[in-house]
>>> print(open('input.cif').read())   # mmCIF, C-alpha atoms and all ligand atoms
data_query
loop_
_atom_site.label_atom_id
_atom_site.label_comp_id
_atom_site.auth_asym_id
_atom_site.auth_seq_id
_atom_site.Cartn_x
_atom_site.Cartn_y
_atom_site.Cartn_z
CA MET A 24 -21.51 -20.42 15.99
CA GLN A 25 -21.27 -22.27 12.68
CA ARG A 26 -21.74 -19.00 10.81
CA ILE A 27 -18.87 -17.40 12.73
CA ALA A 28 -16.60 -20.39 11.96
CA ALA A 29 -17.54 -20.19 8.26
CA ARG A 30 -16.87 -16.44 8.22
CA THR A 31 -13.47 -16.93 9.86
CA ALA A 32 -12.61 -19.63 7.30
CA TRP A 33 -13.57 -17.32 4.41
CA THR A 34 -11.56 -14.47 5.93
CA ILE A 35 -8.48 -16.66 6.27
CA ALA A 36 -8.90 -17.97 2.70
CA GLY A 37 -9.25 -14.38 1.38
CA LEU A 38 -6.17 -13.20 3.27
CA LEU A 39 -4.12 -16.18 2.08
CA LEU A 40 -5.16 -15.46 -1.51
CA LEU A 41 -4.21 -11.79 -1.10
CA PHE A 42 -0.88 -12.83 0.42
CA VAL A 43 -0.15 -15.03 -2.60
CA LEU A 44 -1.24 -12.34 -5.07
CA ILE A 45 1.08 -9.66 -3.68
CA GLN A 46 4.18 -11.93 -3.80
CA GLY A 47 5.21 -11.13 -7.39
CA PHE A 48 5.29 -7.39 -6.70
CA VAL A 49 6.84 -7.77 -3.25
CA TRP A 50 9.76 -9.80 -4.61
CA HIS A 51 10.18 -7.48 -7.59
CA ALA A 52 10.37 -4.43 -5.28
CA ALA A 53 12.69 -6.09 -2.74
CA TYR A 54 14.97 -7.48 -5.45
CA ARG A 55 15.23 -4.27 -7.48
CA GLY A 56 15.81 -2.22 -4.33
CA ALA A 57 18.47 -4.62 -3.00
CA VAL A 58 20.27 -4.82 -6.37
CA GLY A 59 20.20 -1.02 -6.62
CA LEU A 60 21.54 -0.58 -3.09
CA SER A 61 24.36 -3.04 -3.86
CA GLY A 62 25.59 -0.51 -6.45
CA ASP A 63 24.59 -2.46 -9.56
CA PRO A 64 23.79 0.21 -12.22
CA THR A 65 21.39 -2.08 -14.15
CA ALA A 66 18.76 -1.49 -11.43
CA ILE A 67 18.65 2.23 -12.26
CA GLU A 68 16.78 1.73 -15.57
CA ARG A 69 15.03 5.06 -16.19
CA LEU A 70 15.48 6.60 -12.75
CA THR A 71 17.20 9.96 -12.91
CA GLY A 72 18.68 12.64 -10.68
CA PRO A 73 21.38 12.86 -8.03
CA ARG A 74 22.83 9.62 -6.66
CA GLY A 75 21.42 10.29 -3.16
CA SER A 76 17.84 10.48 -4.41
CA ILE A 77 18.21 7.25 -6.41
CA VAL A 78 19.63 5.49 -3.34
CA ALA A 79 16.66 6.81 -1.32
CA LEU A 80 14.30 5.33 -3.92
CA PHE A 81 16.05 1.96 -3.87
CA ALA A 82 15.79 1.94 -0.06
CA HIS A 83 12.07 2.80 -0.33
CA MET A 84 11.59 -0.26 -2.59
CA VAL A 85 13.02 -2.60 0.06
CA THR A 86 11.06 -1.05 2.95
CA GLY A 87 8.01 -0.80 0.64
CA ALA A 88 8.14 -4.57 0.04
CA LEU A 89 7.98 -5.01 3.81
CA VAL A 90 5.09 -2.52 4.05
CA THR A 91 3.07 -4.42 1.43
CA THR A 92 3.62 -7.77 3.19
CA LEU A 93 2.97 -6.48 6.70
CA SER A 94 -0.21 -4.68 5.56
CA VAL A 95 -1.77 -8.07 4.78
CA ILE A 96 -0.57 -9.53 8.08
CA GLN A 97 -2.00 -6.58 10.07
CA LEU A 98 -5.29 -6.97 8.26
CA ALA A 99 -5.67 -10.52 9.55
CA GLY A 100 -8.23 -10.38 12.37
CA PRO A 101 -7.56 -14.00 13.43
CA ILE A 102 -3.83 -13.22 13.95
CA ARG A 103 -4.69 -10.03 15.83
CA ARG A 104 -7.02 -11.88 18.20
CA ARG A 105 -4.96 -15.01 18.71
CA TRP A 106 -1.46 -13.51 18.85
CA PRO A 107 -1.78 -9.88 20.05
CA ARG A 108 1.96 -9.62 20.69
CA LEU A 109 2.70 -10.56 17.07
CA HIS A 110 0.15 -7.93 15.96
CA ARG A 111 1.88 -5.28 18.10
CA ASN A 112 5.40 -6.14 16.92
CA SER A 113 4.54 -6.40 13.24
CA GLY A 114 2.54 -3.18 13.63
CA ARG A 115 5.61 -1.38 14.98
CA LEU A 116 7.71 -2.73 12.12
CA LEU A 117 5.04 -1.69 9.61
CA ALA A 118 4.91 1.85 11.00
CA VAL A 119 8.70 2.28 10.82
CA ALA A 120 8.89 0.74 7.32
CA ALA A 121 6.00 2.92 6.10
CA LEU A 122 7.66 6.03 7.50
CA LEU A 123 10.93 5.21 5.71
CA THR A 124 9.09 4.29 2.49
CA GLY A 125 7.20 7.60 2.47
CA ILE A 126 10.35 9.59 3.21
CA GLY A 127 12.38 7.72 0.54
CA GLY A 128 9.71 8.33 -2.11
CA LEU A 129 9.36 12.00 -1.18
CA VAL A 130 13.13 12.57 -1.29
CA TYR A 131 13.20 11.15 -4.82
CA ILE A 132 10.22 13.27 -5.95
CA ALA A 133 11.73 16.44 -4.46
CA ARG A 134 15.16 15.91 -6.03
CA SER A 135 14.40 14.04 -9.27
CA GLY A 136 10.70 14.51 -10.06
CA THR A 137 8.92 11.52 -11.62
CA VAL A 138 8.76 9.92 -15.03
CA GLY A 139 5.11 11.04 -15.38
CA GLY A 140 5.76 14.76 -14.69
CA THR A 141 3.78 17.16 -12.49
CA ASP A 142 0.60 15.07 -12.21
CA MET A 143 2.46 11.99 -11.09
CA SER A 144 4.72 13.96 -8.74
CA ALA A 145 1.70 15.61 -7.08
CA ALA A 146 -0.24 12.35 -6.76
CA PHE A 147 2.72 10.29 -5.50
CA GLY A 148 3.75 13.21 -3.26
CA LEU A 149 0.31 13.20 -1.59
CA TYR A 150 0.50 9.40 -1.35
CA GLY A 151 3.81 9.68 0.51
CA VAL A 152 2.56 12.41 2.85
CA LEU A 153 -0.57 10.39 3.72
CA MET A 154 1.53 7.29 4.35
CA ILE A 155 3.79 9.20 6.72
CA ILE A 156 0.80 10.65 8.61
CA ALA A 157 -0.84 7.20 8.92
CA ALA A 158 2.49 5.67 10.02
CA ILE A 159 2.72 8.20 12.85
CA GLN A 160 -0.95 8.26 13.88
CA THR A 161 -1.50 4.49 14.07
CA PRO A 162 1.10 3.65 16.76
CA ARG A 163 0.65 7.02 18.51
CA LEU A 164 -3.07 6.38 19.10
CA ALA A 165 -2.37 2.81 20.27
CA MET A 166 0.11 4.20 22.80
CA HIS A 167 -2.60 6.62 24.01
CA ARG A 168 -4.99 3.64 24.24
CA ASP A 169 -7.38 5.38 21.87
CA TYR A 170 -8.14 2.07 20.17
CA ASP A 171 -11.08 3.27 18.11
CA ARG A 172 -9.03 5.90 16.30
CA HIS A 173 -6.03 3.54 16.24
CA ARG A 174 -8.14 1.04 14.27
CA ARG A 175 -9.27 3.73 11.80
CA TRP A 176 -5.74 4.95 11.15
CA GLY A 177 -4.47 1.38 11.00
CA LEU A 178 -6.95 0.59 8.23
CA ARG A 179 -5.90 3.74 6.34
CA LEU A 180 -2.27 2.68 6.66
CA ILE A 181 -3.10 -0.78 5.31
CA ILE A 182 -4.96 0.66 2.29
CA LEU A 183 -1.98 2.93 1.58
CA GLY A 184 0.41 0.03 2.18
CA LEU A 185 -1.38 -1.98 -0.51
CA GLY A 186 -1.70 1.05 -2.82
CA SER A 187 1.50 0.44 -4.78
CA TRP A 188 0.38 -3.11 -5.46
CA PHE A 189 -3.09 -1.83 -6.53
CA TYR A 190 -1.30 0.45 -8.99
CA ARG A 191 0.38 -2.49 -10.74
CA LEU A 192 -2.77 -4.60 -10.42
CA HIS A 193 -4.83 -1.94 -12.24
CA TYR A 194 -2.37 -1.93 -15.15
CA GLY A 195 -2.37 -5.74 -15.27
CA LEU A 196 -6.18 -5.85 -15.35
CA TRP A 197 -6.36 -3.02 -17.91
CA PHE A 198 -3.98 -4.79 -20.29
CA GLY A 199 -5.79 -8.07 -19.69
CA ILE A 200 -9.17 -6.52 -20.60
CA THR A 201 -8.16 -4.21 -23.47
CA CYS A 202 -5.84 -6.75 -25.12
CA SER A 203 -8.45 -9.50 -24.95
CA LEU A 204 -10.77 -7.17 -26.94
CA GLY A 205 -8.31 -6.89 -29.83
CA ASP A 206 -5.09 -5.34 -31.07
CA ALA A 207 -6.69 -1.93 -31.67
CA THR A 208 -7.74 -1.55 -28.04
CA CYS A 209 -4.72 -3.23 -26.42
CA GLY A 210 -3.17 -0.86 -23.87
CA MET A 211 -5.54 1.98 -24.80
CA GLY A 212 -4.76 5.18 -22.86
CA VAL A 213 -1.33 3.97 -21.77
CA GLN A 214 1.84 5.73 -22.96
CA SER A 215 5.49 4.97 -22.21
CA ASP A 216 5.91 8.49 -20.73
CA PHE A 217 2.74 8.01 -18.61
CA SER A 218 0.88 10.77 -20.48
CA GLY A 219 -2.06 8.57 -21.58
CA LEU A 220 -5.55 9.06 -20.16
CA PHE A 221 -5.39 5.79 -18.24
CA ASP A 222 -1.97 6.74 -16.82
CA ARG A 223 -3.22 10.14 -15.71
CA ILE A 224 -6.23 8.65 -13.95
CA GLN A 225 -4.16 5.89 -12.39
CA VAL A 226 -1.76 8.19 -10.57
CA TRP A 227 -4.69 9.11 -8.30
CA ALA A 228 -6.87 6.03 -8.65
CA PHE A 229 -4.53 3.57 -6.95
CA TYR A 230 -5.23 4.93 -3.47
CA LEU A 231 -7.80 7.77 -3.35
CA PRO A 232 -10.96 5.77 -4.28
CA TYR A 233 -9.97 3.01 -1.84
CA LEU A 234 -9.49 5.57 0.94
CA LEU A 235 -12.89 7.14 0.13
CA VAL A 236 -14.63 3.76 0.25
CA LEU A 237 -12.92 3.06 3.57
CA GLU A 238 -14.10 6.41 5.02
CA TRP A 239 -17.65 5.67 3.85
CA TRP A 240 -17.47 2.17 5.38
CA LEU A 241 -16.07 3.48 8.68
CA ARG A 242 -18.92 5.97 8.94
CA ARG A 243 -21.49 3.26 8.26
CA ARG A 244 -19.98 0.75 10.64
CA PRO A 245 -18.58 2.45 13.73
CA GLN A 246 -17.37 -0.50 15.79
CA PRO A 247 -16.53 -0.63 19.47
CA VAL A 248 -12.97 -1.86 19.70
CA ARG A 249 -11.99 -4.86 21.78
CA ARG A 250 -8.44 -4.82 23.11
C1 LIG B 301 3.84 0.74 -0.41
C2 LIG B 301 5.01 0.34 -0.71
C3 LIG B 301 5.77 0.72 -1.94
C4 LIG B 301 6.41 -0.15 -2.76
C5 LIG B 301 6.50 -1.65 -2.60
C6 LIG B 301 7.01 0.64 -3.82
C7 LIG B 301 7.77 0.09 -4.85
C8 LIG B 301 8.29 0.81 -5.90
C9 LIG B 301 9.03 0.25 -7.00
C10 LIG B 301 9.39 -1.25 -7.14
C11 LIG B 301 9.35 1.26 -7.85
C12 LIG B 301 10.15 1.17 -9.15
C13 LIG B 301 9.24 0.94 -10.32
C14 LIG B 301 9.09 -0.55 -10.56
O1 LIG B 301 10.11 -1.26 -10.66
O2 LIG B 301 7.92 -1.00 -10.64
C15 LIG B 301 8.81 2.46 -7.28
C16 LIG B 301 8.92 3.70 -7.86
C17 LIG B 301 8.53 4.87 -7.26
N1 LIG B 301 7.84 4.99 -6.07
FE1 LIG B 301 7.31 3.49 -4.83
N2 LIG B 301 6.72 1.95 -3.62
C18 LIG B 301 5.97 2.07 -2.48
C19 LIG B 301 5.48 3.24 -1.93
C20 LIG B 301 5.74 4.51 -2.39
C21 LIG B 301 5.36 5.74 -1.75
C22 LIG B 301 4.62 5.85 -0.42
C23 LIG B 301 5.77 6.75 -2.57
C24 LIG B 301 5.57 8.22 -2.35
C25 LIG B 301 6.31 9.00 -1.71
C26 LIG B 301 6.45 6.17 -3.70
C27 LIG B 301 7.03 6.86 -4.74
C28 LIG B 301 7.67 6.32 -5.81
C29 LIG B 301 8.25 7.10 -6.89
C30 LIG B 301 8.27 8.61 -6.99
C31 LIG B 301 8.78 6.19 -7.79
C32 LIG B 301 9.53 6.51 -9.10
C33 LIG B 301 8.57 6.88 -10.20
C34 LIG B 301 9.38 7.18 -11.46
O3 LIG B 301 9.81 6.21 -12.14
O4 LIG B 301 9.59 8.35 -11.75
N3 LIG B 301 6.40 4.81 -3.56
N4 LIG B 301 8.17 2.16 -6.11
#
>>> encode(input="input.cif", output="structure tokens")
Amino acid sequence: MQRIAARTAWTIAGLLLLFVLIQGFVWHAAYRGAVGLSGDPTAIERLTGPRGSIVALFAHMVTGALVTTLSVIQLAGPIRRRWPRLHRNSGRLLAVAALLTGIGGLVYIARSGTVGGTDMSAAFGLYGVLMIIAAIQTPRLAMHRDYDRHRRWGLRLIILGLGSWFYRLHYGLWFGITCSLGDATCGMGVQSDFSGLFDRIQVWAFYLPYLLVLEWWLRRRPQPVRR
């Protein structure tokens, strides 16, 4: 009993820490998206292409901020168990926001490409497609009361929902490590046009390895699902 209470306390502490850590990115995304949607041209920075695709990208930033936040909330087992209605409603909101985020990102890629070229467009394109699939599968399986598969797809959606934050986190950690080693190594493999080795690895590494680890974990720990 004591061990379960300690585990719950650690889980809550971990989730609170994660919630705090994502805030900087969440507010950046929501703010830039909202400023862009208000018509302020300063938010465009280096985005290019037709106006419609830039608007779609700004909208994806706002819905993406919601996706990142709700991913942490959906991950919280204690909330899920204690307030199932909250879990269901925030899950619905997450699915809709993830669908819109994926669509917004894909519209931009299709019409404007990306700053990193073909590699980045392919990697972000796959990211968007996977997010859309997970956003459809998760609520669909819950509606069919297939809770085991619902849980699996829900976890995939959460990993994808946190992916954009992982992307920025990886860069932050990389600069932290390489710059602490000296000026010569600071930002090694990073280029402003995203053509550096680190950039080229990152376009895939912010979601694929996490998804692979999740698949491995799901196969090792098939869990009966409690409603
Ligand atoms: C998970 C939630 C997401 C959030 C919070 C988010 C946020 C952002 C933000 C804030 C930017 C502007 C760059 C910056 O200011 O840092 C951006 C750019 C972009 N995002 Fe997302 N995003 C999310 C998901 C996605 C998805 C699923 C896709 C794929 C379809 C996508 C595709 C893009 C593309 C293509 C760009 C522009 C890259 C360029 O500069 O060429 N994002 N995103």
>>> closest_atom_pairs(input="input.cif", of="chain A", to="ligand LIG 301 (chain B)", cutoff="8 Å", atoms="all atoms listed in the file", output="CSV")
residue,atom,partner,partner_atom,distance
A:Phe48,CA,B:LIG301,C5,7.2
A:Val49,CA,B:LIG301,C5,6.2
A:His51,CA,B:LIG301,C10,6.3
A:Ala52,CA,B:LIG301,C10,3.8
A:Ala53,CA,B:LIG301,C10,7.3
A:Arg55,CA,B:LIG301,C10,6.6
A:Gly56,CA,B:LIG301,C10,7.1
A:Arg69,CA,B:LIG301,O3,6.7
A:Leu70,CA,B:LIG301,O3,5.7
A:Thr71,CA,B:LIG301,O4,7.9
A:Leu80,CA,B:LIG301,C17,6.7
A:Phe81,CA,B:LIG301,C11,7.8
A:His83,CA,B:LIG301,N2,6.3
A:Met84,CA,B:LIG301,C7,4.5
A:Val85,CA,B:LIG301,C5,7.1
A:Thr86,CA,B:LIG301,C2,7.2
A:Gly87,CA,B:LIG301,C2,3.5
A:Ala88,CA,B:LIG301,C5,4.3
A:Leu89,CA,B:LIG301,C5,7.4
A:Val90,CA,B:LIG301,C2,5.6
A:Thr91,CA,B:LIG301,C1,5.5
A:Ala121,CA,B:LIG301,C1,7.2
A:Thr124,CA,B:LIG301,C22,5.6
A:Gly125,CA,B:LIG301,C22,4.3
A:Ile126,CA,B:LIG301,C25,6.4
A:Gly127,CA,B:LIG301,C25,6.6
A:Gly128,CA,B:LIG301,C25,3.5
A:Leu129,CA,B:LIG301,C25,4.3
A:Val130,CA,B:LIG301,C25,7.7
A:Tyr131,CA,B:LIG301,C30,6.0
A:Ile132,CA,B:LIG301,C30,5.2
A:Ser135,CA,B:LIG301,O4,7.9
A:Gly136,CA,B:LIG301,O4,6.5
A:Thr137,CA,B:LIG301,O4,3.2
A:Val138,CA,B:LIG301,O4,3.7
A:Gly139,CA,B:LIG301,O4,6.4
A:Met143,CA,B:LIG301,C30,7.9
A:Ser144,CA,B:LIG301,C30,6.7
A:Phe147,CA,B:LIG301,C24,4.7
A:Gly148,CA,B:LIG301,C25,5.2
A:Leu149,CA,B:LIG301,C24,7.3
A:Tyr150,CA,B:LIG301,C24,5.3
A:Gly151,CA,B:LIG301,C25,3.4
A:Val152,CA,B:LIG301,C25,6.8
A:Met154,CA,B:LIG301,C22,5.9
A:Ile155,CA,B:LIG301,C22,7.9
A:Leu183,CA,B:LIG301,C1,6.5
A:Gly184,CA,B:LIG301,C1,4.4
A:Leu185,CA,B:LIG301,C1,5.9
A:Gly186,CA,B:LIG301,C1,6.0
A:Ser187,CA,B:LIG301,C1,5.0
A:Trp188,CA,B:LIG301,C5,6.9
A:Arg191,CA,B:LIG301,O2,7.7
>>> atom_distance(input="input.cif", atom1="CA of Ala99 in chain A", atom2="CA of Thr31 in chain A")
10.1 Å
>>> closest_residue(input="input.cif", among="A:Ala145, A:Leu241, A:Pro73, A:Tyr194", to="Arg174 in chain A", atoms="only C-alpha atoms")
A:Leu241
>>> closest_residue(input="input.cif", among="A:Leu220, A:Ala57, A:Leu178, A:Leu204", to="Trp240 in chain A", atoms="only C-alpha atoms")
A:Leu178
>>> atom_distance(input="input.cif", atom1="CA of Ile200 in chain A", atom2="CA of Val236 in chain A")
23.9 Å
>>> decode(input="input.cif", residues="range 225-236 of chain A", atoms="all heavy atoms", output="PDB file, in the first residue's frame")
ATOM      1  N   GLN A 225      17.984  15.443 -36.351  1.00  0.00           N
ATOM      2  CA  GLN A 225      16.884  15.903 -35.505  1.00  0.00           C
ATOM      3  C   GLN A 225      15.517  15.848 -36.166  1.00  0.00           C
ATOM      4  O   GLN A 225      14.514  15.630 -35.498  1.00  0.00           O
ATOM      5  CB  GLN A 225      17.149  17.343 -35.036  1.00  0.00           C
ATOM      6  CG  GLN A 225      17.931  17.431 -33.778  1.00  0.00           C
ATOM      7  CD  GLN A 225      17.521  16.388 -32.764  1.00  0.00           C
ATOM      8  OE1 GLN A 225      16.402  16.365 -32.259  1.00  0.00           O
ATOM      9  NE2 GLN A 225      18.425  15.483 -32.477  1.00  0.00           N
ATOM     10  N   VAL A 226      15.478  16.086 -37.489  1.00  0.00           N
ATOM     11  CA  VAL A 226      14.152  16.132 -38.122  1.00  0.00           C
ATOM     12  C   VAL A 226      13.413  14.788 -37.968  1.00  0.00           C
ATOM     13  O   VAL A 226      12.193  14.734 -38.017  1.00  0.00           O
ATOM     14  CB  VAL A 226      14.200  16.562 -39.616  1.00  0.00           C
ATOM     15  CG1 VAL A 226      14.619  18.003 -39.741  1.00  0.00           C
ATOM     16  CG2 VAL A 226      15.068  15.652 -40.456  1.00  0.00           C
ATOM     17  N   TRP A 227      14.192  13.716 -37.770  1.00  0.00           N
ATOM     18  CA  TRP A 227      13.545  12.411 -37.515  1.00  0.00           C
ATOM     19  C   TRP A 227      13.565  12.052 -36.031  1.00  0.00           C
ATOM     20  O   TRP A 227      12.693  11.349 -35.536  1.00  0.00           O
ATOM     21  CB  TRP A 227      14.267  11.296 -38.294  1.00  0.00           C
ATOM     22  CG  TRP A 227      14.284  11.527 -39.772  1.00  0.00           C
ATOM     23  CD1 TRP A 227      15.305  12.048 -40.509  1.00  0.00           C
ATOM     24  CD2 TRP A 227      13.224  11.278 -40.703  1.00  0.00           C
ATOM     25  NE1 TRP A 227      14.940  12.149 -41.835  1.00  0.00           N
ATOM     26  CE2 TRP A 227      13.674  11.674 -41.981  1.00  0.00           C
ATOM     27  CE3 TRP A 227      11.920  10.773 -40.578  1.00  0.00           C
ATOM     28  CZ2 TRP A 227      12.884  11.574 -43.127  1.00  0.00           C
ATOM     29  CZ3 TRP A 227      11.135  10.655 -41.725  1.00  0.00           C
ATOM     30  CH2 TRP A 227      11.621  11.059 -42.973  1.00  0.00           C
ATOM     31  N   ALA A 228      14.623  12.526 -35.350  1.00  0.00           N
ATOM     32  CA  ALA A 228      14.881  12.029 -33.984  1.00  0.00           C
ATOM     33  C   ALA A 228      13.966  12.621 -32.917  1.00  0.00           C
ATOM     34  O   ALA A 228      14.021  12.202 -31.776  1.00  0.00           O
ATOM     35  CB  ALA A 228      16.336  12.290 -33.602  1.00  0.00           C
ATOM     36  N   PHE A 229      13.109  13.576 -33.288  1.00  0.00           N
ATOM     37  CA  PHE A 229      12.262  14.159 -32.242  1.00  0.00           C
ATOM     38  C   PHE A 229      10.994  13.340 -32.016  1.00  0.00           C
ATOM     39  O   PHE A 229      10.261  13.576 -31.059  1.00  0.00           O
ATOM     40  CB  PHE A 229      11.946  15.630 -32.548  1.00  0.00           C
ATOM     41  CG  PHE A 229      10.960  15.867 -33.670  1.00  0.00           C
ATOM     42  CD1 PHE A 229       9.614  16.065 -33.406  1.00  0.00           C
ATOM     43  CD2 PHE A 229      11.382  15.926 -34.985  1.00  0.00           C
ATOM     44  CE1 PHE A 229       8.708  16.307 -34.428  1.00  0.00           C
ATOM     45  CE2 PHE A 229      10.496  16.178 -36.012  1.00  0.00           C
ATOM     46  CZ  PHE A 229       9.154  16.361 -35.734  1.00  0.00           C
ATOM     47  N   TYR A 230      10.714  12.373 -32.883  1.00  0.00           N
ATOM     48  CA  TYR A 230       9.534  11.532 -32.598  1.00  0.00           C
ATOM     49  C   TYR A 230       9.756  10.046 -32.872  1.00  0.00           C
ATOM     50  O   TYR A 230       9.270   9.207 -32.128  1.00  0.00           O
ATOM     51  CB  TYR A 230       8.288  12.040 -33.348  1.00  0.00           C
ATOM     52  CG  TYR A 230       8.372  11.947 -34.863  1.00  0.00           C
ATOM     53  CD1 TYR A 230       7.781  10.895 -35.556  1.00  0.00           C
ATOM     54  CD2 TYR A 230       9.046  12.907 -35.610  1.00  0.00           C
ATOM     55  CE1 TYR A 230       7.841  10.809 -36.945  1.00  0.00           C
ATOM     56  CE2 TYR A 230       9.117  12.830 -36.993  1.00  0.00           C
ATOM     57  CZ  TYR A 230       8.516  11.778 -37.661  1.00  0.00           C
ATOM     58  OH  TYR A 230       8.600  11.689 -39.032  1.00  0.00           O
ATOM     59  N   LEU A 231      10.537   9.699 -33.940  1.00  0.00           N
ATOM     60  CA  LEU A 231      10.659   8.273 -34.277  1.00  0.00           C
ATOM     61  C   LEU A 231      11.253   7.411 -33.156  1.00  0.00           C
ATOM     62  O   LEU A 231      10.683   6.373 -32.825  1.00  0.00           O
ATOM     63  CB  LEU A 231      11.460   8.098 -35.573  1.00  0.00           C
ATOM     64  CG  LEU A 231      10.665   8.252 -36.872  1.00  0.00           C
ATOM     65  CD1 LEU A 231      11.547   7.929 -38.076  1.00  0.00           C
ATOM     66  CD2 LEU A 231       9.412   7.377 -36.891  1.00  0.00           C
ATOM     67  N   PRO A 232      12.419   7.789 -32.555  1.00  0.00           N
ATOM     68  CA  PRO A 232      12.964   6.927 -31.495  1.00  0.00           C
ATOM     69  C   PRO A 232      11.997   6.768 -30.321  1.00  0.00           C
ATOM     70  O   PRO A 232      11.882   5.679 -29.765  1.00  0.00           O
ATOM     71  CB  PRO A 232      14.234   7.667 -31.040  1.00  0.00           C
ATOM     72  CG  PRO A 232      14.523   8.658 -32.090  1.00  0.00           C
ATOM     73  CD  PRO A 232      13.257   8.969 -32.804  1.00  0.00           C
ATOM     74  N   TYR A 233      11.274   7.842 -29.982  1.00  0.00           N
ATOM     75  CA  TYR A 233      10.331   7.754 -28.863  1.00  0.00           C
ATOM     76  C   TYR A 233       9.186   6.785 -29.194  1.00  0.00           C
ATOM     77  O   TYR A 233       8.748   6.006 -28.349  1.00  0.00           O
ATOM     78  CB  TYR A 233       9.758   9.138 -28.533  1.00  0.00           C
ATOM     79  CG  TYR A 233      10.814  10.107 -28.036  1.00  0.00           C
ATOM     80  CD1 TYR A 233      11.355  11.082 -28.873  1.00  0.00           C
ATOM     81  CD2 TYR A 233      11.296  10.026 -26.733  1.00  0.00           C
ATOM     82  CE1 TYR A 233      12.329  11.955 -28.425  1.00  0.00           C
ATOM     83  CE2 TYR A 233      12.277  10.901 -26.271  1.00  0.00           C
ATOM     84  CZ  TYR A 233      12.789  11.860 -27.132  1.00  0.00           C
ATOM     85  OH  TYR A 233      13.763  12.721 -26.678  1.00  0.00           O
ATOM     86  N   LEU A 234       8.736   6.842 -30.461  1.00  0.00           N
ATOM     87  CA  LEU A 234       7.667   5.919 -30.863  1.00  0.00           C
ATOM     88  C   LEU A 234       8.162   4.476 -30.826  1.00  0.00           C
ATOM     89  O   LEU A 234       7.447   3.565 -30.406  1.00  0.00           O
ATOM     90  CB  LEU A 234       7.173   6.250 -32.278  1.00  0.00           C
ATOM     91  CG  LEU A 234       6.256   7.464 -32.434  1.00  0.00           C
ATOM     92  CD1 LEU A 234       5.867   7.637 -33.890  1.00  0.00           C
ATOM     93  CD2 LEU A 234       5.001   7.335 -31.569  1.00  0.00           C
ATOM     94  N   LEU A 235       9.434   4.266 -31.266  1.00  0.00           N
ATOM     95  CA  LEU A 235       9.995   2.903 -31.263  1.00  0.00           C
ATOM     96  C   LEU A 235      10.115   2.367 -29.842  1.00  0.00           C
ATOM     97  O   LEU A 235       9.768   1.210 -29.576  1.00  0.00           O
ATOM     98  CB  LEU A 235      11.361   2.889 -31.963  1.00  0.00           C
ATOM     99  CG  LEU A 235      11.302   3.111 -33.471  1.00  0.00           C
ATOM    100  CD1 LEU A 235      12.701   3.184 -34.063  1.00  0.00           C
ATOM    101  CD2 LEU A 235      10.505   1.994 -34.152  1.00  0.00           C
ATOM    102  N   VAL A 236      10.582   3.218 -28.929  1.00  0.00           N
ATOM    103  CA  VAL A 236      10.702   2.788 -27.519  1.00  0.00           C
ATOM    104  C   VAL A 236       9.308   2.454 -26.973  1.00  0.00           C
ATOM    105  O   VAL A 236       9.121   1.453 -26.277  1.00  0.00           O
ATOM    106  CB  VAL A 236      11.385   3.885 -26.661  1.00  0.00           C
ATOM    107  CG1 VAL A 236      11.275   3.573 -25.177  1.00  0.00           C
ATOM    108  CG2 VAL A 236      12.842   4.035 -27.065  1.00  0.00           C
TER     109      VAL A 236
END
